[in-house]
$ cat entry.txt   # compact mmCIF, C-alpha atoms
# COMPACT_ATOMS: atom_id res chain seq x y z
CA MET A 1 -64.62 74.34 -13.04
CA GLY A 2 -62.93 72.85 -9.98
CA VAL A 3 -63.57 73.61 -6.32
CA VAL A 4 -60.60 72.61 -4.14
CA ASP A 5 -61.47 70.58 -1.02
CA LEU A 6 -59.20 71.41 1.90
CA GLY A 7 -61.46 69.54 4.32
CA CYS A 8 -62.38 72.66 6.24
CA ALA A 9 -64.27 74.57 3.64
CA ASN A 10 -67.69 75.86 2.73
CA LEU A 11 -67.66 73.55 -0.28
CA ALA A 12 -71.40 73.01 -0.52
CA SER A 13 -72.28 76.71 -0.38
CA VAL A 14 -69.80 77.51 -3.15
CA SER A 15 -70.96 74.60 -5.32
CA PHE A 16 -74.63 75.58 -4.84
CA ALA A 17 -73.84 79.21 -5.75
CA LEU A 18 -72.18 78.02 -8.96
CA GLU A 19 -75.17 75.77 -9.60
CA ARG A 20 -77.51 78.79 -9.27
CA LEU A 21 -75.40 80.44 -11.99
CA GLY A 22 -75.80 77.36 -14.18
CA ALA A 23 -72.14 76.34 -13.80
CA GLN A 24 -71.10 72.74 -13.26
CA SER A 25 -68.39 72.25 -10.64
CA ASP A 26 -66.28 69.31 -9.55
CA ILE A 27 -64.60 68.79 -6.20
CA VAL A 28 -60.81 68.73 -6.62
CA ARG A 29 -58.50 66.93 -4.19
CA THR A 30 -55.34 65.90 -6.09
CA PRO A 31 -52.51 67.66 -8.00
CA SER A 32 -53.57 66.02 -11.28
CA GLU A 33 -57.17 67.18 -10.86
CA ILE A 34 -55.84 70.71 -10.37
CA GLU A 35 -53.77 70.48 -13.55
CA GLU A 36 -56.83 69.40 -15.53
CA ALA A 37 -59.19 72.09 -14.21
CA GLU A 38 -60.32 74.83 -16.58
CA ARG A 39 -60.53 77.27 -13.66
CA LEU A 40 -60.33 76.84 -9.90
CA ILE A 41 -61.91 78.15 -6.75
CA LEU A 42 -60.06 77.75 -3.45
CA PRO A 43 -62.72 78.23 -0.78
CA GLY A 44 -62.10 78.21 2.91
CA VAL A 45 -63.44 78.82 6.35
CA GLY A 46 -61.71 78.08 9.63
CA ALA A 47 -58.13 78.35 10.76
CA ALA A 48 -55.27 79.24 8.37
CA SER A 49 -52.82 76.82 10.01
CA TYR A 50 -55.21 73.89 9.49
CA ALA A 51 -55.74 74.80 5.83
CA ALA A 52 -51.99 75.27 5.26
CA ALA A 53 -51.34 71.82 6.74
CA ARG A 54 -53.95 70.37 4.38
CA LEU A 55 -52.16 71.94 1.38
CA ASP A 56 -49.06 70.00 2.46
CA ALA A 57 -50.87 66.77 3.33
CA LEU A 58 -52.66 66.69 -0.04
CA ASP A 59 -49.48 67.80 -1.85
CA LEU A 60 -51.35 70.62 -3.59
CA ARG A 61 -48.87 73.50 -3.24
CA ASP A 62 -46.86 72.97 -6.42
CA ALA A 63 -49.91 72.29 -8.57
CA LEU A 64 -51.65 75.45 -7.33
CA CYS A 65 -48.50 77.56 -7.82
CA ARG A 66 -48.08 76.27 -11.39
CA PHE A 67 -51.76 76.83 -12.28
CA VAL A 68 -51.95 79.47 -15.04
CA ARG A 69 -55.71 79.62 -15.65
CA PRO A 70 -58.09 81.72 -13.49
CA LEU A 71 -57.78 80.88 -9.79
CA MET A 72 -59.97 82.50 -7.15
CA GLY A 73 -59.48 82.25 -3.40
CA ILE A 74 -62.49 82.94 -1.19
CA CYS A 75 -62.06 84.18 2.40
CA LEU A 76 -59.38 81.93 3.93
CA GLY A 77 -58.68 80.74 0.37
CA MET A 78 -57.70 84.29 -0.61
CA GLN A 79 -55.46 84.57 2.46
CA LEU A 80 -53.66 81.38 1.39
CA LEU A 81 -52.53 83.11 -1.83
CA PHE A 82 -50.20 85.34 0.24
CA GLU A 83 -46.80 84.42 1.65
CA ARG A 84 -47.86 83.83 5.21
CA SER A 85 -50.65 84.35 7.73
CA GLU A 86 -50.08 85.43 11.30
CA GLU A 87 -52.93 83.11 12.27
CA GLY A 88 -51.00 80.15 13.64
CA ASP A 89 -47.96 81.35 11.63
CA ALA A 90 -49.31 79.51 8.58
CA ARG A 91 -47.29 79.29 5.35
CA GLY A 92 -49.27 80.42 2.33
CA LEU A 93 -48.72 79.71 -1.36
CA GLY A 94 -46.65 82.87 -1.86
CA LEU A 95 -48.36 83.73 -5.14
CA LEU A 96 -48.96 87.25 -3.78
CA ASN A 97 -46.51 89.33 -1.78
CA GLY A 98 -47.38 90.15 1.79
CA VAL A 99 -48.47 88.75 5.10
CA VAL A 100 -52.05 88.31 6.33
CA SER A 101 -52.33 89.87 9.77
CA LYS A 102 -54.84 90.10 12.58
CA ARG A 103 -57.23 93.03 12.19
CA THR A 104 -57.42 95.27 15.23
CA PRO A 105 -61.00 96.43 15.80
CA GLU A 106 -61.63 100.11 16.30
CA PRO A 107 -63.98 101.40 19.01
CA GLY A 108 -67.51 100.24 18.23
CA GLU A 109 -66.29 97.28 16.15
CA THR A 110 -66.50 93.71 17.40
CA TRP A 111 -64.06 90.90 16.62
CA PRO A 112 -64.23 88.96 14.35
CA HIS A 113 -65.53 91.08 11.47
CA MET A 114 -68.90 89.46 10.87
CA GLY A 115 -71.59 91.02 8.71
CA TRP A 116 -72.28 93.10 5.61
CA SER A 117 -69.79 95.84 4.75
CA ARG A 118 -69.44 98.11 1.74
CA VAL A 119 -66.71 97.41 -0.81
CA ARG A 120 -65.16 100.30 -2.75
CA LYS A 121 -63.38 99.60 -6.00
CA THR A 122 -59.74 100.66 -5.88
CA ARG A 123 -59.36 100.70 -9.67
CA SER A 124 -61.50 102.04 -12.47
CA GLN A 125 -61.30 98.72 -14.32
CA THR A 126 -61.78 95.44 -12.50
CA CYS A 127 -62.98 92.10 -13.74
CA LEU A 128 -64.66 90.94 -10.51
CA PHE A 129 -66.69 94.12 -9.96
CA ASP A 130 -67.78 94.59 -13.54
CA GLY A 131 -71.46 95.63 -13.37
CA VAL A 132 -71.39 95.84 -9.56
CA ALA A 133 -72.28 99.24 -8.07
CA ASP A 134 -69.39 100.83 -6.19
CA GLY A 135 -70.04 100.60 -2.46
CA SER A 136 -72.20 97.47 -2.70
CA TYR A 137 -72.54 95.39 0.44
CA PHE A 138 -70.83 92.00 0.75
CA TYR A 139 -70.89 89.46 3.57
CA PHE A 140 -67.66 89.12 5.56
CA VAL A 141 -66.67 86.67 8.28
CA HIS A 142 -63.02 86.93 9.23
CA GLY A 143 -60.62 88.18 11.87
CA TYR A 144 -57.47 88.39 9.72
CA GLY A 145 -56.87 90.27 6.52
CA ALA A 146 -54.39 91.56 3.93
CA SER A 147 -53.18 95.12 3.54
CA ILE A 148 -54.02 97.17 0.48
CA ASP A 149 -51.39 97.05 -2.28
CA ASP A 150 -51.14 96.93 -6.08
CA ALA A 151 -53.00 93.61 -6.24
CA THR A 152 -56.04 95.05 -4.43
CA ALA A 153 -59.18 95.47 -6.56
CA GLY A 154 -61.61 96.47 -3.79
CA GLU A 155 -61.31 97.68 -0.22
CA ALA A 156 -63.52 97.57 2.83
CA GLU A 157 -63.16 99.03 6.30
CA TYR A 158 -62.76 97.09 9.50
CA GLY A 159 -59.93 98.12 11.79
CA GLY A 160 -59.18 100.59 9.00
CA PRO A 161 -59.11 99.82 5.26
CA PHE A 162 -58.03 96.34 4.11
CA ALA A 163 -57.99 94.32 0.88
CA ALA A 164 -61.53 93.05 0.29
CA ALA A 165 -60.73 91.69 -3.18
CA ILE A 166 -57.62 91.12 -5.28
CA GLU A 167 -56.88 90.73 -8.98
CA GLN A 168 -53.41 90.10 -10.33
CA GLY A 169 -52.78 88.17 -13.53
CA ASN A 170 -54.68 84.89 -13.29
CA LEU A 171 -55.24 85.37 -9.55
CA PHE A 172 -58.49 86.56 -8.02
CA GLY A 173 -59.56 86.72 -4.41
CA CYS A 174 -62.45 87.80 -2.22
CA GLN A 175 -62.11 88.25 1.51
CA PHE A 176 -65.93 88.32 1.57
CA HIS A 177 -68.14 85.36 0.73
CA PRO A 178 -69.58 85.93 -2.77
CA GLU A 179 -71.65 82.75 -2.38
CA ARG A 180 -73.43 84.39 0.57
CA SER A 181 -73.53 88.00 -0.64
CA GLY A 182 -76.86 88.12 -2.47
CA GLU A 183 -77.04 89.48 -6.00
CA ALA A 184 -73.78 91.43 -5.80
CA GLY A 185 -71.96 88.26 -4.78
CA ALA A 186 -73.55 86.25 -7.58
CA ARG A 187 -72.34 88.87 -10.06
CA VAL A 188 -68.76 88.63 -8.72
CA LEU A 189 -68.83 84.85 -9.14
CA ALA A 190 -70.30 85.18 -12.64
CA ASN A 191 -67.54 87.66 -13.52
CA PHE A 192 -64.92 85.17 -12.35
CA LEU A 193 -66.57 82.44 -14.44
CA SER A 194 -66.24 84.64 -17.52
CA ALA A 195 -62.65 85.79 -16.84
CA PRO A 196 -60.58 84.87 -19.92
CA CYS A 197 -58.53 81.70 -19.56
CA MET B 1 -66.14 100.86 10.61
CA ALA B 2 -68.66 98.38 12.00
CA PRO B 3 -70.65 96.39 9.44
CA ALA B 4 -74.28 97.26 8.68
CA ARG B 5 -76.70 96.23 11.44
CA ARG B 6 -78.28 92.91 10.61
CA ILE B 7 -81.99 92.04 10.53
CA ILE B 8 -82.37 88.31 11.14
CA PRO B 9 -85.66 86.42 10.83
CA CYS B 10 -85.72 83.32 12.96
CA LEU B 11 -87.57 80.23 11.80
CA ASP B 12 -88.48 77.80 14.54
CA VAL B 13 -88.72 74.41 12.89
CA ARG B 14 -90.66 71.52 14.37
CA ASP B 15 -91.33 68.27 12.51
CA GLY B 16 -90.16 69.89 9.26
CA VAL B 17 -92.42 72.97 9.30
CA VAL B 18 -91.99 76.48 10.68
CA VAL B 19 -93.89 77.15 13.91
CA LYS B 20 -94.15 80.01 16.39
CA GLY B 21 -95.27 80.11 20.00
CA VAL B 22 -95.70 82.72 22.71
CA GLU B 23 -93.21 82.54 25.57
CA PHE B 24 -92.04 79.19 24.19
CA ARG B 25 -95.53 77.61 24.36
CA ASN B 26 -98.62 76.95 22.23
CA HIS B 27 -96.86 76.61 18.89
CA GLU B 28 -98.80 77.25 15.71
CA HIS B 29 -97.89 76.33 12.13
CA VAL B 30 -96.75 79.35 10.10
CA GLY B 31 -95.41 77.90 6.88
CA ASP B 32 -93.04 75.81 4.80
CA ILE B 33 -89.29 76.18 5.45
CA LEU B 34 -88.23 76.88 1.87
CA ASP B 35 -91.14 79.21 1.10
CA LEU B 36 -90.37 81.37 4.14
CA ALA B 37 -86.61 81.28 3.50
CA ALA B 38 -87.17 82.53 -0.06
CA ARG B 39 -89.60 85.20 1.08
CA TYR B 40 -87.25 86.61 3.69
CA ARG B 41 -84.31 86.52 1.33
CA ASN B 42 -86.31 88.48 -1.24
CA GLU B 43 -87.43 91.03 1.36
CA GLY B 44 -83.79 91.78 2.19
CA ALA B 45 -83.09 89.71 5.32
CA ASP B 46 -79.36 89.81 6.11
CA GLU B 47 -79.19 86.33 7.58
CA LEU B 48 -81.54 83.56 8.69
CA VAL B 49 -81.55 81.31 11.72
CA PHE B 50 -83.25 77.93 11.74
CA TYR B 51 -83.95 76.44 15.14
CA ASP B 52 -85.00 72.82 15.36
CA ILE B 53 -86.76 73.65 18.61
CA THR B 54 -87.49 70.19 19.87
CA ALA B 55 -84.20 68.57 18.94
CA SER B 56 -82.40 69.04 22.26
CA ALA B 57 -85.42 68.20 24.37
CA GLU B 58 -85.96 64.98 22.42
CA ALA B 59 -82.23 64.07 22.55
CA ARG B 60 -81.75 63.92 18.79
CA SER B 61 -79.96 66.29 16.43
CA VAL B 62 -81.32 68.37 13.61
CA SER B 63 -81.98 66.59 10.31
CA CYS B 64 -79.50 67.45 7.58
CA ASP B 65 -81.75 67.21 4.55
CA TRP B 66 -83.47 70.55 4.90
CA VAL B 67 -80.09 72.18 5.69
CA GLU B 68 -78.97 71.24 2.20
CA ALA B 69 -82.26 72.32 0.61
CA VAL B 70 -81.95 75.72 2.30
CA ALA B 71 -78.29 76.05 1.28
CA ARG B 72 -79.15 75.37 -2.37
CA LEU B 73 -81.79 78.07 -2.28
CA LEU B 74 -80.23 80.87 -0.22
CA ASP B 75 -77.53 83.35 -1.22
CA ILE B 76 -77.37 84.92 2.25
CA PRO B 77 -75.82 83.33 5.33
CA PHE B 78 -77.77 81.08 7.65
CA ALA B 79 -77.24 79.39 10.97
CA VAL B 80 -78.73 76.15 12.15
CA ALA B 81 -79.44 75.23 15.73
CA GLY B 82 -80.83 72.22 17.41
CA GLY B 83 -79.22 69.47 19.43
CA VAL B 84 -75.72 69.52 17.89
CA ARG B 85 -73.69 67.73 20.56
CA ASP B 86 -70.31 67.04 18.97
CA ALA B 87 -67.94 68.20 16.24
CA GLU B 88 -69.03 65.42 13.88
CA GLN B 89 -72.67 66.51 13.96
CA ALA B 90 -71.56 70.11 13.37
CA ALA B 91 -69.34 69.03 10.46
CA GLN B 92 -72.25 67.25 8.75
CA ARG B 93 -74.33 70.44 8.82
CA LEU B 94 -71.51 72.73 7.72
CA GLU B 95 -70.68 70.34 4.88
CA ARG B 96 -74.32 70.44 3.73
CA GLY B 97 -74.06 74.22 3.41
CA ALA B 98 -74.85 75.82 6.79
CA ASP B 99 -72.66 78.84 7.56
CA LYS B 100 -72.86 78.73 11.34
CA ILE B 101 -73.80 76.25 14.02
CA SER B 102 -75.68 77.63 16.98
CA ILE B 103 -75.50 75.64 20.19
CA ASN B 104 -77.49 76.22 23.35
CA SER B 105 -78.48 73.37 25.68
CA PRO B 106 -75.58 71.11 24.59
CA ALA B 107 -73.09 73.88 25.43
CA LEU B 108 -74.60 74.15 28.89
CA GLU B 109 -74.38 70.39 29.32
CA ARG B 110 -70.75 70.34 28.24
CA PRO B 111 -69.10 73.78 27.81
CA ALA B 112 -65.96 72.21 26.22
CA LEU B 113 -68.12 71.67 23.11
CA ILE B 114 -67.61 75.39 22.35
CA ASP B 115 -63.81 74.95 22.46
CA GLU B 116 -63.98 71.84 20.27
CA LEU B 117 -66.12 73.47 17.56
CA ALA B 118 -64.05 76.68 17.55
CA ALA B 119 -60.78 74.73 17.26
CA ARG B 120 -62.02 72.63 14.36
CA PHE B 121 -64.18 75.07 12.35
CA GLY B 122 -63.07 78.51 13.56
CA ALA B 123 -64.84 80.87 15.94
CA GLN B 124 -66.85 82.43 13.09
CA CYS B 125 -68.88 79.21 12.72
CA VAL B 126 -69.75 78.93 16.39
CA VAL B 127 -72.77 80.80 17.75
CA VAL B 128 -73.84 80.29 21.33
CA GLY B 129 -77.54 80.81 21.92
CA VAL B 130 -78.53 81.80 25.44
CA ASP B 131 -82.10 81.67 26.81
CA SER B 132 -82.32 83.90 29.85
CA ARG B 133 -85.10 85.04 32.16
CA LYS B 134 -85.02 87.49 35.08
CA ILE B 135 -85.90 85.86 38.39
CA GLU B 136 -85.50 87.61 41.74
CA GLY B 137 -83.23 90.24 40.21
CA ASP B 138 -80.88 87.81 38.41
CA TRP B 139 -80.75 86.95 34.71
CA ARG B 140 -80.79 83.17 34.87
CA VAL B 141 -79.94 80.87 31.97
CA PHE B 142 -82.46 78.15 31.01
CA GLN B 143 -82.03 75.04 28.91
CA TYR B 144 -84.23 72.55 27.02
CA THR B 145 -86.61 75.43 26.30
CA GLY B 146 -88.23 73.71 23.28
CA SER B 147 -91.19 72.64 25.40
CA THR B 148 -92.60 73.57 28.80
CA GLN B 149 -92.21 69.99 30.03
CA THR B 150 -88.44 70.05 29.59
CA THR B 151 -87.52 73.70 30.31
CA ARG B 152 -85.36 74.06 33.38
CA GLU B 153 -82.84 76.38 34.97
CA SER B 154 -79.25 75.65 34.10
CA GLY B 155 -77.87 77.05 37.35
CA ARG B 156 -75.86 79.71 35.51
CA LEU B 157 -76.14 83.48 35.40
CA MET B 158 -76.39 85.07 31.93
CA THR B 159 -73.58 87.55 32.57
CA ASP B 160 -71.14 84.79 33.56
CA TRP B 161 -72.17 82.40 30.82
CA VAL B 162 -71.81 84.81 27.86
CA ARG B 163 -68.31 85.70 29.04
CA GLU B 164 -67.35 82.05 29.41
CA ALA B 165 -68.75 81.27 25.95
CA GLN B 166 -66.65 84.05 24.43
CA GLU B 167 -63.51 82.92 26.24
CA ARG B 168 -64.05 79.34 25.04
CA GLY B 169 -64.15 80.53 21.41
CA ALA B 170 -67.70 81.48 20.49
CA GLY B 171 -67.78 83.91 17.54
CA GLU B 172 -71.22 85.34 18.28
CA ILE B 173 -73.86 85.30 21.02
CA VAL B 174 -77.61 85.27 20.42
CA LEU B 175 -79.27 86.38 23.65
CA ASN B 176 -82.91 85.41 23.80
CA CYS B 177 -84.68 87.26 26.56
CA MET B 178 -87.42 84.79 27.51
CA ASN B 179 -89.59 87.27 29.41
CA GLU B 180 -90.11 89.17 26.18
CA ASP B 181 -90.29 86.30 23.69
CA GLY B 182 -93.35 86.48 21.44
CA ARG B 183 -94.87 89.40 23.41
CA ARG B 184 -93.97 92.16 20.90
CA GLN B 185 -93.37 94.70 23.67
CA GLY B 186 -89.78 95.51 22.72
CA TYR B 187 -86.36 93.98 23.30
CA ASP B 188 -84.93 93.73 26.80
CA ILE B 189 -82.53 96.66 26.38
CA GLU B 190 -81.21 96.52 29.94
CA GLN B 191 -80.28 92.86 29.72
CA LEU B 192 -78.82 93.16 26.23
CA TYR B 193 -76.74 96.16 27.23
CA ALA B 194 -75.42 94.23 30.23
CA ALA B 195 -74.35 91.41 27.89
CA ARG B 196 -72.91 93.81 25.29
CA GLU B 197 -70.71 95.44 27.94
CA ARG B 198 -69.16 92.08 28.77
CA LEU B 199 -68.45 90.97 25.19
CA SER B 200 -66.04 91.82 22.39
CA ILE B 201 -67.72 89.44 19.88
CA PRO B 202 -70.96 90.31 18.04
CA LEU B 203 -74.18 90.14 20.08
CA ILE B 204 -77.56 89.46 18.49
CA ALA B 205 -80.75 90.55 20.28
CA SER B 206 -83.66 88.14 20.38
CA GLY B 207 -87.13 88.22 21.90
CA GLY B 208 -89.73 90.97 22.04
CA ALA B 209 -89.76 92.76 18.68
CA GLY B 210 -93.21 94.16 17.93
CA ALA B 211 -92.69 97.50 16.18
CA ARG B 212 -90.01 99.11 14.05
CA GLU B 213 -89.10 101.44 16.94
CA HIS B 214 -88.04 98.39 18.95
CA PHE B 215 -85.35 97.64 16.37
CA ARG B 216 -84.13 101.24 16.41
CA ASP B 217 -84.01 101.25 20.20
CA VAL B 218 -82.09 98.00 20.52
CA PHE B 219 -79.47 99.13 18.00
CA GLU B 220 -79.11 102.61 19.50
CA GLU B 221 -79.38 101.77 23.18
CA ALA B 222 -77.98 98.24 23.50
CA GLY B 223 -75.37 98.47 20.70
CA VAL B 224 -76.15 95.03 19.30
CA SER B 225 -74.83 93.90 15.88
CA GLY B 226 -78.11 92.36 14.80
CA ALA B 227 -81.70 91.93 15.82
CA LEU B 228 -83.54 88.65 15.49
CA ALA B 229 -87.31 88.35 15.30
CA ALA B 230 -89.91 85.80 14.27
CA SER B 231 -93.60 86.52 14.72
CA VAL B 232 -93.58 90.11 13.42
CA PHE B 233 -92.07 88.85 10.17
CA HIS B 234 -94.11 85.62 9.95
CA LYS B 235 -97.37 87.50 10.49
CA LYS B 236 -96.30 90.29 8.09
CA LEU B 237 -96.70 92.94 10.79
CA ILE B 238 -93.35 94.37 9.71
CA ASP B 239 -91.93 94.27 6.18
CA ILE B 240 -88.17 93.77 6.28
CA ALA B 241 -87.40 96.10 3.35
CA ASP B 242 -89.53 98.88 4.88
CA LEU B 243 -87.94 98.34 8.30
CA LYS B 244 -84.42 98.56 6.90
CA SER B 245 -85.05 101.72 4.92
CA TRP B 246 -86.79 103.34 7.93
CA LEU B 247 -83.79 102.45 10.14
CA ARG B 248 -81.53 104.23 7.63
CA THR B 249 -83.62 107.38 8.02
CA CYS B 250 -82.92 107.09 11.77
CA GLY B 251 -79.18 107.09 11.03
CA ILE B 252 -78.73 103.34 11.53
CA GLU B 253 -76.78 101.69 8.71
CA THR B 254 -78.49 98.72 7.09
CA ARG B 255 -77.65 96.86 3.89
CA HIS B 256 -79.52 97.88 0.77

$ encode --input "entry.txt" --output "structure tokens"
Amino acid sequence: MGVVDLGCANLASVSFALERLGAQSDIVRTPSEIEEAERLILPGVGAASYAAARLDALDLRDALCRFVRPLMGICLGMQLLFERSEEGDARGLGLLNGVVSKRTPEPGETWPHMGWSRVRKTRSQTCLFDGVADGSYFYFVHGYGASIDDATAGEAEYGGPFAAAIEQGNLFGCQFHPERSGEAGARVLANFLSAPC
Amino acid sequence: MAPARRIIPCLDVRDGVVVKGVEFRNHEHVGDILDLAARYRNEGADELVFYDITASAEARSVSCDWVEAVARLLDIPFAVAGGVRDAEQAAQRLERGADKISINSPALERPALIDELAARFGAQCVVVGVDSRKIEGDWRVFQYTGSTQTTRESGRLMTDWVREAQERGAGEIVLNCMNEDGRRQGYDIEQLYAARERLSIPLIASGGAGAREHFRDVFEEAGVSGALAASVFHKKLIDIADLKSWLRTCGIETRH
């Protein structure tokens, strides 16, 4: 189990959450370490343009794009799976179609989206939400987000509905922070750990 | 749709233990950091804040070791505050597992610190804490409030300072109304509403919670995103799970 270090991330929180689940994790910083990982988490907090520049500086783009085993992006890490983010016009990995755009708050909403919001499953069968009650609360901290499409596994509402979680092939993503989302979040991480390789 | 309203216990840490005073004075020992963190997490707290209350006044920054111990234990977000004066000190705490850095006196000393932290870590990591007290009709901002010997006026008005903090990149404001702190007579709705009107980022109310109605009132009347409290939780006057379910019966969304 590898946790990719982009130098801006919530590495410790993710590693500790895995530790609470009894999973051993290693910090991953090179293309060869990515190739060797059994499964990968791409965590992230902060600015998309900074993280995208780190992908280039560490030469991780090709290795991540070639990775065929389960890969989960968390928060900014999920946004990096898409083609591009409007935040600083950052280039993503392009593993998922679409552009991450700034959420426009509705009346009564503050910006950024910070706090616990309900997630509704958008499919009857999902791996990440297996055993998680529909409408469970998860902790979000973000101002940008992806639109709902075929890859979406769960949606939440902030500036209208957006993709709260994705599942497509070996790719998984959570716009929320499972490592900071109590028992529901721990279950999502556990489900990712047991996703078939 | 706005997220659920947050209930946030605040743990004032001095010399490695949790303490609580009245109007920022006469601190008494209320418990061990990890024991209280675990208790509040189990009761359904949405987030925790740890203030190293003497760090700024003593010109040192918060120790990292308990940040990591808390991060290992907790599966809800937490912020740490206390004497963080530059991006490097903030980075050390975020790397050890803190979710947010809250800055107060150092931001007043050097407002560009807000810009620097937001640029490097993102606005969502940067909380600006504001200690404010009404004097002669003005809400005035104070700094070095960890002890009575060091507390002094910053020369700024609360309404100006919260706006400046937001413009510089703060992702959240915690407004601590000093007149009400530790008195359990209710939040300062008027002051919080005045701040809320001037902000587009989340605002957290602090200071004055004494009864569950105070939480309802501050959410309904001041429109805050979260309510922070210490003594009512430390002294078990209010149970967090009971409070949250009661708020739901009042039509206020809380996580459950």

$ closest_residue --input "entry.txt" --among "B:Gln124, B:Glu253, B:Gly207, B:Ile189" --to "His142 in chain A" --atoms "all atoms listed in the file"
B:Gln124

$ interface_residues --input "entry.txt" --of "chain A" --to "chain B" --cutoff "6 Å" --atoms "all atoms listed in the file" --output "VMD selection string"
chain A and resid 12 to 13 16 46 to 47 109 to 111 115 to 117 157 to 158 180 to 182

$ closest_residue --input "entry.txt" --among "A:Ala90, A:Val100, A:Leu80, A:Val188" --to "Val132 in chain A" --atoms "only C-alpha atoms"
A:Val188

$ closest_residue --input "entry.txt" --among "B:Trp246, B:Phe233, B:Trp161, B:Tyr187" --to "Pro9 in chain B" --atoms "all atoms listed in the file"
B:Phe233

$ closest_residue --input "entry.txt" --among "A:Leu40, A:Cys65, A:Ala52, A:Leu71" --to "Glu86 in chain A" --atoms "only C-alpha atoms"
A:Ala52

$ closest_residue --input "entry.txt" --among "B:Thr148, B:Asn104, B:Ser154, B:Ser231" --to "Val174 in chain B" --atoms "only C-alpha atoms"
B:Asn104

$ atom_distance --input "entry.txt" --atom1 "CA of Arg187 in chain A" --atom2 "CA of Glu43 in chain B"
19.0 Å

$ residues_around --input "entry.txt" --residues "Phe176 in chain A" --least-positions-apart "4" --cutoff "12 Å" --atoms "all atoms listed in the file" --output "ChimeraX atom specification"
/A:43-45,73-79,113-119,136-145,154-156,162-166,180-182,184-185,188-189 /B:76-77

$ closest_residue --input "entry.txt" --among "A:Phe129, A:Phe192, A:Phe172, A:Phe67" --to "Glu33 in chain A" --atoms "all atoms listed in the file"
A:Phe67

$ atom_distance --input "entry.txt" --atom1 "CA of Ser105 in chain B" --atom2 "CA of Asp131 in chain B"
9.1 Å

$ atom_distance --input "entry.txt" --atom1 "CA of Arg168 in chain B" --atom2 "CA of Arg110 in chain B"
11.7 Å

$ residues_near_point --input "entry.txt" --point "(-46.8, 85.6, 4.7)" --cutoff "6 Å" --atoms "all atoms listed in the file" --output "list in words"
Phe82, Glu83, Arg84, Ser85, Gly98 and Val99 of chain A

$ residues_around --input "entry.txt" --residues "Leu247 in chain B" --least-positions-apart "5" --cutoff "10 Å" --atoms "all atoms listed in the file" --output "list in words"
Arg5, Arg212, Glu213, Phe215, Arg216, Phe219, Ala241, Asp242, Ile252, Glu253 and Thr254 of chain B

$ residues_near_point --input "entry.txt" --point "(-50.0, 81.1, -12.3)" --cutoff "10 Å" --atoms "all atoms listed in the file" --output "JSON, numbers by chain"
{"A": [63, 64, 65, 66, 67, 68, 69, 70, 71, 95, 168, 169, 170, 171]}

$ axis_aligned_box --input "entry.txt" --around "range 144-153 of chain B" --padding-each-side "8 Å" --output "lines of an AutoDock Vina configuration file"
center_x = -87.7
center_y = 73.2
center_z = 29.1
size_x = 25.8
size_y = 22.4
size_z = 27.7
